[in-house]
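The block underneath contains the structure these notes are about, expressed in structure tokens.
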Amino acid sequence: MKPIVVALPQGDVGLDECDCPLDMDRFLTGRGEWEVEIGFGKGRYLLRRAESEPESRFLGIEIASKYQRILARRARRRQLPNLASVRGEATLVLTSLLPRQFARVVHVYFPDPWPKAKHNRRRLFDPASLDLVLDLLTPEGELCFATDYLEYGRLVEELLRSYPGLEVERHVGEWPDGARTNYEAKYIEEGREILRLVARPTPSRADLHPRGHEELLVGYASGSDEDLSAEVRPGTA
């Protein structure tokens, strides 16, 4: 597994130079609210938002080194002081690197649905890992999700709706600001159906999804800490 790298406007930083969880206010100037995109691809959405909203701060997480480097170069070339990115596997970054409840919005658009049954555990939206995504949100925050893989989208919707203390709604039509990724722009042009969801935590949100809690207990009962880690921290979507 490649090491986690944090790309800042002034250069890259390794984990050995960071405190974990990260002190987010040390890395980007200003006091604006944070938004996070998990799996940003070439970074179209983050670049556009960072340019148009200099008072806000943005963080992207991407496992593909090539795309993470593209975003870092473009952000520095455009001299965007409010945009940072992290190269790393999403659940590892969420588990070990980022603080809780710092982001007003978390964006997840067109993640790999891992359609084969044997790969389902690699999905980011899984009962055992969904809490990692939701824990990024401030109490007033929201999660925005979109996919063209409708079967997977319905599974994500069911998972979110079954999470205690989470309000979920389908967003009908395009986002107010239009297509947010290159995939979305392409699919809109093709007339492909897209499922969009918005989820918001309530004060009664549970720490774990009920099924994730069951898996935690099963992993604990099965024996070793290694087994438990594998059960609770699956791979990313």
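Ordering of the structure tokens sets the chain letters (A, B, ...), residue numbers begin anew at 1 in every chain, and ligands are numbered from 1 in the order given.
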
Please provide the set of residues having any atom within 9 Å of Pro111 of chain A, restricted to only C-alpha atoms, with same-chain residues fewer than 6 positions apart removed, written as a PyMOL selection string. chain A and resi 38-39+123-124+146-147+237

Keeping N, CA and C atoms for every residue in the selection just given, could you write it to a file as a PDB file, in the first residue's frame?
```pdb
ATOM      1  N   ILE A  38     -14.813  12.631  -1.395  1.00  0.00           N
ATOM      2  CA  ILE A  38     -14.139  11.338  -1.342  1.00  0.00           C
ATOM      3  C   ILE A  38     -14.185  10.710  -2.730  1.00  0.00           C
ATOM      4  N   GLY A  39     -13.017  10.476  -3.322  1.00  0.00           N
ATOM      5  CA  GLY A  39     -12.947   9.940  -4.678  1.00  0.00           C
ATOM      6  C   GLY A  39     -13.205  11.031  -5.701  1.00  0.00           C
ATOM      7  N   ARG A 123     -16.823  -1.702  -0.731  1.00  0.00           N
ATOM      8  CA  ARG A 123     -17.629  -0.497  -0.874  1.00  0.00           C
ATOM      9  C   ARG A 123     -17.462   0.425   0.338  1.00  0.00           C
ATOM     10  N   LEU A 124     -17.406   1.720   0.050  1.00  0.00           N
ATOM     11  CA  LEU A 124     -17.342   2.698   1.127  1.00  0.00           C
ATOM     12  C   LEU A 124     -18.634   2.705   1.920  1.00  0.00           C
ATOM     13  N   ALA A 146     -24.182  10.553  -5.415  1.00  0.00           N
ATOM     14  CA  ALA A 146     -24.791  10.314  -6.729  1.00  0.00           C
ATOM     15  C   ALA A 146     -24.159   9.092  -7.375  1.00  0.00           C
ATOM     16  N   THR A 147     -24.983   8.344  -8.129  1.00  0.00           N
ATOM     17  CA  THR A 147     -24.496   7.198  -8.889  1.00  0.00           C
ATOM     18  C   THR A 147     -25.412   6.946 -10.075  1.00  0.00           C
ATOM     19  N   ALA A 237     -14.781   2.147  -1.540  1.00  0.00           N
ATOM     20  CA  ALA A 237     -15.591   1.958  -2.750  1.00  0.00           C
ATOM     21  C   ALA A 237     -14.838   2.478  -3.959  1.00  0.00           C
TER      22      ALA A 237
END
```

Need the shell around Arg69 of chain A: protein/DNA/RNA residues with any atom at most 12 Å away, counting only C-alpha atoms. Skip same-chain ones fewer than 3 positions apart. Format as number ranges by chain? A: 5-8, 11-12, 40-43, 60-66, 72-76, 84-88

Using only C-alpha atoms: which of A:Val108, A:Leu47, A:Val198, A:Leu208 has the shortest distance to Ala128 of chain A: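 Of the candidates, the smallest distance to Ala128 of chain A is held by A:Leu208.
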
Using backbone DSSP assignments, extract all strand (DSSP E) residues from segment 105-194 of chain A; output them as a PyMOL selection string. chain A and resi 105-109+137-147+166-170

Using N, CA and C atoms, can you export the residues from the last selection as a short mmCIF file (atom, residue, chain, number, x, y, z; two decimals), in the first residue's frame?
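New file part.cif:
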```
data_model
loop_
_atom_site.label_atom_id
_atom_site.label_comp_id
_atom_site.auth_asym_id
_atom_site.auth_seq_id
_atom_site.Cartn_x
_atom_site.Cartn_y
_atom_site.Cartn_z
N VAL A 105 -20.08 19.69 4.54
CA VAL A 105 -20.62 18.82 3.49
C VAL A 105 -19.57 17.76 3.14
N VAL A 106 -20.03 16.53 2.94
CA VAL A 106 -19.21 15.46 2.38
C VAL A 106 -19.82 15.04 1.06
N HIS A 107 -19.02 15.00 0.01
CA HIS A 107 -19.47 14.65 -1.34
C HIS A 107 -18.90 13.30 -1.73
N VAL A 108 -19.76 12.42 -2.25
CA VAL A 108 -19.32 11.13 -2.81
C VAL A 108 -20.09 10.92 -4.12
N TYR A 109 -19.38 11.02 -5.25
CA TYR A 109 -20.04 10.96 -6.54
C TYR A 109 -19.49 9.82 -7.40
N LEU A 137 -19.08 14.79 9.47
CA LEU A 137 -20.05 15.88 9.38
C LEU A 137 -20.23 16.61 10.70
N THR A 138 -20.36 17.93 10.59
CA THR A 138 -20.80 18.72 11.74
C THR A 138 -22.26 18.36 12.02
N PRO A 139 -22.78 18.70 13.20
CA PRO A 139 -24.19 18.40 13.49
C PRO A 139 -25.17 18.98 12.47
N GLU A 140 -24.78 20.07 11.79
CA GLU A 140 -25.67 20.69 10.79
C GLU A 140 -25.25 20.30 9.37
N GLY A 141 -24.36 19.31 9.23
CA GLY A 141 -23.81 18.99 7.93
C GLY A 141 -24.71 18.13 7.07
N GLU A 142 -24.24 17.83 5.85
CA GLU A 142 -24.99 16.97 4.95
C GLU A 142 -24.04 16.18 4.06
N LEU A 143 -24.53 15.00 3.69
CA LEU A 143 -23.83 14.10 2.78
C LEU A 143 -24.54 14.13 1.43
N CYS A 144 -23.79 14.37 0.36
CA CYS A 144 -24.35 14.37 -0.99
C CYS A 144 -23.75 13.19 -1.76
N PHE A 145 -24.62 12.42 -2.40
CA PHE A 145 -24.20 11.19 -3.08
C PHE A 145 -24.89 11.11 -4.43
N ALA A 146 -24.18 10.55 -5.42
CA ALA A 146 -24.79 10.31 -6.73
C ALA A 146 -24.16 9.09 -7.37
N THR A 147 -24.98 8.34 -8.13
CA THR A 147 -24.50 7.20 -8.89
C THR A 147 -25.41 6.95 -10.07
N LEU A 166 -30.83 9.67 10.95
CA LEU A 166 -30.36 10.24 9.69
C LEU A 166 -31.57 10.53 8.80
N GLU A 167 -31.68 11.77 8.34
CA GLU A 167 -32.75 12.15 7.43
C GLU A 167 -32.23 12.04 6.00
N VAL A 168 -32.98 11.36 5.14
CA VAL A 168 -32.52 11.07 3.78
C VAL A 168 -33.59 11.48 2.78
N GLU A 169 -33.16 12.12 1.71
CA GLU A 169 -34.10 12.47 0.65
C GLU A 169 -33.45 12.26 -0.71
N ARG A 170 -34.28 11.90 -1.67
CA ARG A 170 -33.80 11.85 -3.05
C ARG A 170 -33.82 13.25 -3.63
#
```

Pick from A:Val93, A:Cys20, A:Ile194, A:Ala103, whichever lies nearest to Phe58 of chain A using only C-alpha atoms: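 Counting only C-alpha atoms, the residue closest to Phe58 of chain A is A:Ala103.
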
Of A:Asp112, A:His209, A:Asn182, A:Gly173, the one nearest to Arg44 of chain A when counting only C-alpha atoms is A:Asn182

Quick one: DSSP helix (DSSP H, G or I) residues in segment 28-82 of chain A, as a PyMOL selection string? chain A and resi 44-52+65-77
